[in-house]
>>> print(open('structure-v4.txt').read())   # compact mmCIF, C-alpha atoms
# COMPACT_ATOMS: atom_id res chain seq x y z
CA MET I 1 113.11 124.25 154.68
CA LEU I 2 112.51 127.97 154.37
CA MET I 3 109.89 127.31 151.71
CA ALA I 4 108.08 124.88 154.04
CA LEU I 5 108.01 127.47 156.82
CA LYS I 6 106.61 130.06 154.46
CA ASN I 7 103.91 127.64 153.32
CA ASP I 8 102.97 126.90 156.92
CA GLU I 9 102.75 130.63 157.70
CA LEU I 10 100.64 131.17 154.59
CA ASP I 11 98.27 128.34 155.57
CA CYS I 12 97.90 129.79 159.07
CA TRP I 13 97.21 133.21 157.62
CA HIS I 14 94.54 131.80 155.32
CA LEU I 15 92.99 129.83 158.18
CA ASP I 16 92.94 132.89 160.42
CA ALA I 17 91.44 135.00 157.64
CA TYR I 18 88.77 132.36 156.98
CA ARG I 19 87.94 132.20 160.67
CA ARG I 20 87.73 135.98 160.94
CA ARG I 21 85.80 136.63 157.74
CA VAL I 22 83.52 133.59 157.56
CA LEU I 23 83.38 131.30 160.57
CA THR I 24 83.16 133.91 163.33
CA PRO I 25 80.41 136.07 161.76
CA LEU I 26 78.52 132.96 160.63
CA LEU I 27 78.43 131.48 164.14
CA ALA I 28 77.63 134.88 165.62
CA GLY I 29 74.68 135.19 163.25
CA ILE I 30 73.41 131.72 164.13
CA GLY I 31 73.74 132.45 167.84
CA LEU I 32 71.95 135.80 167.74
CA GLY I 33 69.32 134.43 165.38
CA PHE I 34 68.46 131.61 167.77
CA SER I 35 68.49 133.92 170.79
CA LEU I 36 65.93 136.22 169.16
CA ILE I 37 63.66 133.54 167.73
CA ILE I 38 63.48 130.94 170.51
CA ALA I 39 60.80 132.48 172.69
CA ILE I 40 57.15 131.82 173.44
CA GLY I 41 55.43 134.13 171.01
CA ALA I 42 52.45 134.32 168.70
CA GLN I 43 54.31 133.04 165.65
CA ASN I 44 55.97 130.11 167.42
CA LEU I 45 52.70 129.03 169.03
CA PHE I 46 50.98 129.08 165.65
CA VAL I 47 53.74 127.00 164.07
CA LEU I 48 53.57 124.58 167.01
CA ARG I 49 49.80 124.21 166.69
CA GLN I 50 49.96 123.59 162.96
CA GLY I 51 52.71 121.05 163.52
CA LEU I 52 50.62 119.27 166.13
CA ARG I 53 47.60 119.23 163.81
CA ARG I 54 49.87 118.25 160.90
CA GLU I 55 48.19 120.74 158.61
CA HIS I 56 50.18 122.54 155.90
CA VAL I 57 53.30 122.10 158.03
CA PHE I 58 55.88 122.66 155.28
CA VAL I 59 54.08 125.75 153.94
CA VAL I 60 53.87 127.35 157.39
CA ALA I 61 57.53 126.68 158.18
CA ALA I 62 58.60 127.92 154.75
CA ILE I 63 56.60 131.16 155.09
CA CYS I 64 58.08 131.90 158.53
CA ALA I 65 61.65 131.13 157.44
CA ALA I 66 61.34 133.09 154.18
CA SER I 67 59.79 136.06 155.98
CA ASP I 68 62.61 136.05 158.51
CA ALA I 69 65.18 135.89 155.71
CA LEU I 70 63.58 138.86 153.97
CA LEU I 71 63.43 140.89 157.20
CA ILE I 72 67.06 140.08 157.97
CA ALA I 73 68.08 141.15 154.47
CA LEU I 74 66.17 144.40 154.88
CA GLY I 75 67.90 145.08 158.18
CA VAL I 76 71.37 144.38 156.81
CA SER I 77 70.73 146.49 153.71
CA GLY I 78 69.99 149.50 155.91
CA ILE I 79 66.21 149.73 155.55
CA GLY I 80 66.01 149.91 159.34
CA LEU I 81 67.37 153.47 159.19
CA VAL I 82 64.55 154.39 156.83
CA LEU I 83 61.92 152.93 159.16
CA GLN I 84 63.41 154.86 162.06
CA ALA I 85 62.77 158.04 160.10
CA VAL I 86 59.05 157.12 159.77
CA PRO I 87 57.98 156.34 163.35
CA TRP I 88 54.26 156.55 162.58
CA LEU I 89 54.58 153.47 160.38
CA VAL I 90 55.73 151.42 163.37
CA ASP I 91 52.74 152.73 165.37
CA VAL I 92 50.35 151.63 162.64
CA VAL I 93 51.85 148.14 162.64
CA ARG I 94 51.75 148.10 166.45
CA TRP I 95 48.01 148.80 166.66
CA ALA I 96 47.14 146.49 163.77
CA GLY I 97 49.21 143.74 165.35
CA ALA I 98 47.56 144.27 168.74
CA LEU I 99 44.09 144.01 167.21
CA PHE I 100 44.99 140.85 165.33
CA LEU I 101 46.63 139.16 168.33
CA VAL I 102 43.69 139.89 170.64
CA THR I 103 41.23 138.61 168.02
CA TYR I 104 43.24 135.43 167.48
CA GLY I 105 43.51 135.00 171.26
CA LEU I 106 39.75 135.31 171.67
CA LEU I 107 39.21 132.65 169.00
CA ALA I 108 41.61 130.35 170.86
CA ALA I 109 39.75 131.09 174.10
CA ARG I 110 36.52 130.15 172.38
CA ARG I 111 38.04 126.83 171.27
CA ALA I 112 39.17 126.19 174.84
CA TRP I 113 35.73 127.07 176.28
CA ARG I 114 33.72 125.22 173.65
CA PRO I 115 35.96 122.51 172.19
CA SER I 116 35.00 120.63 169.04
CA GLY I 117 35.82 117.30 170.70
CA THR I 118 38.41 116.35 168.10
CA VAL I 119 41.97 115.45 169.03
CA LEU I 120 45.17 114.41 167.35
CA ALA I 121 45.38 110.70 166.73
CA ALA I 122 48.60 109.51 168.34
CA ASP I 123 49.66 106.88 165.84
CA ASP I 124 52.44 106.45 163.35
CA ALA I 125 50.31 107.50 160.41
CA GLY I 126 49.53 110.65 162.29
CA SER I 127 47.59 112.32 159.52
CA ARG I 128 44.03 111.84 160.75
CA GLU I 129 41.92 113.20 163.55
CA ALA I 130 39.78 111.07 165.80
CA GLY I 131 36.99 111.50 168.26
CA SER I 132 37.19 111.11 172.00
CA PRO I 133 38.55 107.85 173.44
CA GLY I 134 35.90 105.18 173.78
CA ASP I 135 33.96 106.12 170.66
CA SER I 136 32.80 103.42 168.31
CA PRO I 137 34.77 102.79 165.10
CA ALA I 138 32.18 104.71 163.13
CA ALA I 139 32.31 107.62 165.52
CA SER I 140 36.11 107.63 165.56
CA ALA I 141 36.27 108.67 161.92
CA PRO I 142 37.43 112.22 161.26
CA VAL I 143 34.85 114.68 162.53
CA ALA I 144 36.69 117.93 161.92
CA THR I 145 37.36 119.29 158.47
CA ARG I 146 40.92 120.06 157.51
CA THR I 147 41.71 123.76 157.63
CA ARG I 148 42.02 125.22 154.15
CA LEU I 149 45.40 126.47 153.00
CA VAL I 150 44.48 130.10 152.31
CA PRO I 151 43.31 130.96 155.87
CA VAL I 152 46.41 129.26 157.28
CA VAL I 153 48.72 131.22 154.98
CA LEU I 154 46.99 134.54 155.73
CA THR I 155 47.12 133.90 159.48
CA CYS I 156 50.80 132.98 159.29
CA LEU I 157 51.63 136.11 157.29
CA ALA I 158 49.66 138.31 159.69
CA LEU I 159 51.33 136.84 162.78
CA THR I 160 54.70 137.49 161.16
CA TRP I 161 54.33 140.89 159.50
CA LEU I 162 51.92 142.53 161.96
CA ASN I 163 54.26 141.95 164.89
CA PRO I 164 56.21 145.13 165.73
CA HIS I 165 58.76 143.10 167.69
CA VAL I 166 59.79 141.50 164.41
CA TYR I 167 60.89 144.89 163.11
CA LEU I 168 62.55 145.91 166.36
CA ASP I 169 64.45 142.62 166.78
CA THR I 170 65.03 141.34 163.27
CA VAL I 171 65.30 144.54 161.25
CA PHE I 172 66.73 147.06 163.72
CA LEU I 173 68.71 145.01 166.24
CA LEU I 174 69.96 142.19 164.05
CA GLY I 175 70.63 144.57 161.17
CA THR I 176 72.63 146.86 163.44
CA VAL I 177 74.72 144.00 164.83
CA ALA I 178 75.28 142.61 161.35
CA ASN I 179 76.67 145.92 160.12
CA THR I 180 79.27 145.88 162.89
CA HIS I 181 80.90 142.99 161.01
CA GLY I 182 81.71 145.23 158.07
CA ASP I 183 82.29 143.31 154.85
CA ALA I 184 81.25 140.07 156.58
CA ARG I 185 77.79 141.39 157.44
CA TRP I 186 76.12 139.19 154.83
CA VAL I 187 77.87 136.14 156.23
CA PHE I 188 76.43 137.12 159.61
CA ALA I 189 73.02 137.52 157.95
CA ALA I 190 73.35 134.08 156.35
CA GLY I 191 73.98 132.59 159.79
CA ALA I 192 70.86 134.26 161.20
CA MET I 193 68.82 133.01 158.23
CA CYS I 194 70.12 129.47 158.81
CA ALA I 195 68.99 129.71 162.44
CA SER I 196 65.48 130.66 161.31
CA VAL I 197 65.28 127.77 158.87
CA MET I 198 66.52 125.26 161.45
CA TRP I 199 64.18 126.56 164.15
CA PHE I 200 60.93 126.81 162.19
CA PHE I 201 61.29 123.52 160.35
CA GLY I 202 62.46 121.79 163.52
CA LEU I 203 59.52 123.19 165.50
CA ALA I 204 56.94 122.45 162.81
CA PHE I 205 58.01 118.90 162.02
CA GLY I 206 59.15 118.04 165.53
CA ALA I 207 55.78 118.96 167.04
CA ARG I 208 54.27 115.67 165.87
CA TYR I 209 56.25 113.85 168.56
CA LEU I 210 54.16 115.68 171.16
CA GLY I 211 51.03 114.00 169.82
CA ARG I 212 50.97 111.34 172.54
CA TRP I 213 50.58 114.07 175.18
CA LEU I 214 47.86 115.82 173.18
CA SER I 215 45.70 112.82 172.42
CA THR I 216 42.77 113.94 174.58
CA PRO I 217 40.28 116.81 174.22
CA ARG I 218 41.34 118.13 177.63
CA ALA I 219 44.96 118.50 176.50
CA TRP I 220 43.90 120.51 173.45
CA ARG I 221 41.70 122.72 175.63
CA ILE I 222 44.73 123.45 177.83
CA LEU I 223 46.87 124.20 174.77
CA ASP I 224 44.25 126.55 173.33
CA ALA I 225 43.89 128.23 176.72
CA VAL I 226 47.65 128.84 176.88
CA ILE I 227 47.59 130.19 173.33
CA ALA I 228 44.69 132.50 174.22
CA VAL I 229 46.46 133.90 177.29
CA VAL I 230 49.75 134.47 175.46
CA MET I 231 48.13 136.03 172.38
CA ILE I 232 45.91 138.40 174.34
CA ALA I 233 48.75 139.35 176.70
CA LEU I 234 51.05 140.09 173.76
CA GLY I 235 48.36 142.11 172.02
CA VAL I 236 47.64 144.21 175.10
CA SER I 237 51.35 144.73 175.77
CA LEU I 238 51.80 146.23 172.32
CA VAL I 239 49.52 149.19 173.06
CA LEU I 240 50.45 149.75 176.70
CA PRO I 241 52.83 152.65 177.40
CA HIS I 242 56.44 151.48 177.74
>>> encode(input="structure-v4.txt", output="structure tokens")
Amino acid sequence: MLMALKNDELDCWHLDAYRRRVLTPLLAGIGLGFSLIIAIGAQNLFVLRQGLRREHVFVVAAICAASDALLIALGVSGIGLVLQAVPWLVDVVRWAGALFLVTYGLLAARRAWRPSGTVLAADDAGSREAGSPGDSPAASAPVATRTRLVPVVLTCLALTWLNPHVYLDTVFLLGTVANTHGDARWVFAAGAMCASVMWFFGLAFGARYLGRWLSTPRAWRILDAVIAVVMIALGVSLVLPH
């Protein structure tokens, strides 16, 4: 009987230790990771647009998730303290990011003002583009060339690494919170990385279900207009005094 009580106490101790060292920091990392990443921003809008166009979806999601994982690892390893000692580096990234975001926003504004007339075909195959409704079968063939992989990859990397908020949120903030968990900080980091993977792949591959609402040129003009406003606003906000 005494042995059974001791075994029960030992099991409870192991369960409590597991909860304290693994489950709690893991869930905390997932929660904070989602809270920082689920927001209307340049990166998320780009992932959404690529998902809607169904172009290089896996590559884009993988780049965003891998970049987030690397930034989280840098923050947990203490690189954030080094960056704090070199403030001019953050300023360089801030101005470069602002220039890139405004340029990308202007390109989106141009697409909204002068659309190509191509839309996403809302069908189960979902991998082709078609002309405006009412076109003849010959005219409904793809009229827009598929975006090449290299420009998409470079744009995705720029939207990720030229965004100062990434360093402030992911490296500084998340790294600081992770280190409050002591020896379990890497479990916390793993949770935040899992949140990034779930979010980016969910956003990229789930975007295709919005195709029915974006099956007209007008809908794509509205989407590009929203992207233009958000991108330019974010770019301007980066260089305004805080």
>>> atom_distance(input="structure-v4.txt", atom1="CA of Ala98 in chain I", atom2="CA of Tyr167 in chain I")
14.5 Å
>>> closest_residue(input="structure-v4.txt", among="I:Asn44, I:Thr170, I:Ser237, I:Asn163", to="Met193 in chain I", atoms="only C-alpha atoms")
I:Thr170
>>> closest_residue(input="structure-v4.txt", among="I:Pro164, I:Gly202, I:Gly41, I:Gly105", to="Leu238 in chain I", atoms="only C-alpha atoms")
I:Pro164
>>> atom_distance(input="structure-v4.txt", atom1="CA of Leu99 in chain I", atom2="CA of Ala73 in chain I")
27.3 Å
>>> closest_residue(input="structure-v4.txt", among="I:Gly97, I:Pro217, I:Gly182, I:Gly191", to="Gly235 in chain I", atoms="all atoms listed in the file")
I:Gly97
>>> closest_residue(input="structure-v4.txt", among="I:Phe100, I:Trp213, I:Phe205, I:Trp199", to="Ile232 in chain I", atoms="all atoms listed in the file")
I:Phe100
>>> residues_around(input="structure-v4.txt", residues="range 74-77 of chain I", least_positions_apart="2", cutoff="8 Å", atoms="all atoms listed in the file", output="list of chain:residue names")
I:Leu70, I:Leu71, I:Ile72, I:Ile79, I:Gly80, I:Thr170, I:Val171, I:Phe172, I:Leu174, I:Gly175, I:Thr176, I:Ala178, I:Asn179, I:Arg185, I:Trp186, I:Ala189
>>> write_last_selection(input="structure-v4.txt", atoms="C-alpha atoms", output="PDB file, in the coordinates of the input")
ATOM      1  CA  LEU I  70      63.580 138.860 153.970  1.00  0.00           C
ATOM      2  CA  LEU I  71      63.430 140.890 157.200  1.00  0.00           C
ATOM      3  CA  ILE I  72      67.060 140.080 157.970  1.00  0.00           C
ATOM      4  CA  ILE I  79      66.210 149.730 155.550  1.00  0.00           C
ATOM      5  CA  GLY I  80      66.010 149.910 159.340  1.00  0.00           C
ATOM      6  CA  THR I 170      65.030 141.340 163.270  1.00  0.00           C
ATOM      7  CA  VAL I 171      65.300 144.540 161.250  1.00  0.00           C
ATOM      8  CA  PHE I 172      66.730 147.060 163.720  1.00  0.00           C
ATOM      9  CA  LEU I 174      69.960 142.190 164.050  1.00  0.00           C
ATOM     10  CA  GLY I 175      70.630 144.570 161.170  1.00  0.00           C
ATOM     11  CA  THR I 176      72.630 146.860 163.440  1.00  0.00           C
ATOM     12  CA  ALA I 178      75.280 142.610 161.350  1.00  0.00           C
ATOM     13  CA  ASN I 179      76.670 145.920 160.120  1.00  0.00           C
ATOM     14  CA  ARG I 185      77.790 141.390 157.440  1.00  0.00           C
ATOM     15  CA  TRP I 186      76.120 139.190 154.830  1.00  0.00           C
ATOM     16  CA  ALA I 189      73.020 137.520 157.950  1.00  0.00           C
TER      17      ALA I 189
END
>>> closest_residue(input="structure-v4.txt", among="I:Val57, I:Leu203, I:Cys64, I:Val236", to="Leu157 in chain I", atoms="only C-alpha atoms")
I:Cys64
>>> atom_distance(input="structure-v4.txt", atom1="CA of Ala184 in chain I", atom2="CA of Ala62 in chain I")
25.8 Å
>>> axis_aligned_box(input="structure-v4.txt", around="range 61-64 of chain I", padding_each_side="3 Å", output="JSON")
{"center_x": 57.6, "center_y": 129.3, "center_z": 156.6, "size_x": 8.0, "size_y": 11.2, "size_z": 9.8}
>>> closest_residue(input="structure-v4.txt", among="I:Val187, I:Val92, I:Leu168, I:Val239", to="Leu26 in chain I", atoms="all atoms listed in the file")
I:Val187
>>> residues_around(input="structure-v4.txt", residues="Glu55 in chain I", least_positions_apart="6", cutoff="9 Å", atoms="only C-alpha atoms", output="list in words")
Arg49, Ser127, Arg146, Thr147, Arg148, Leu149 and Val152 of chain I
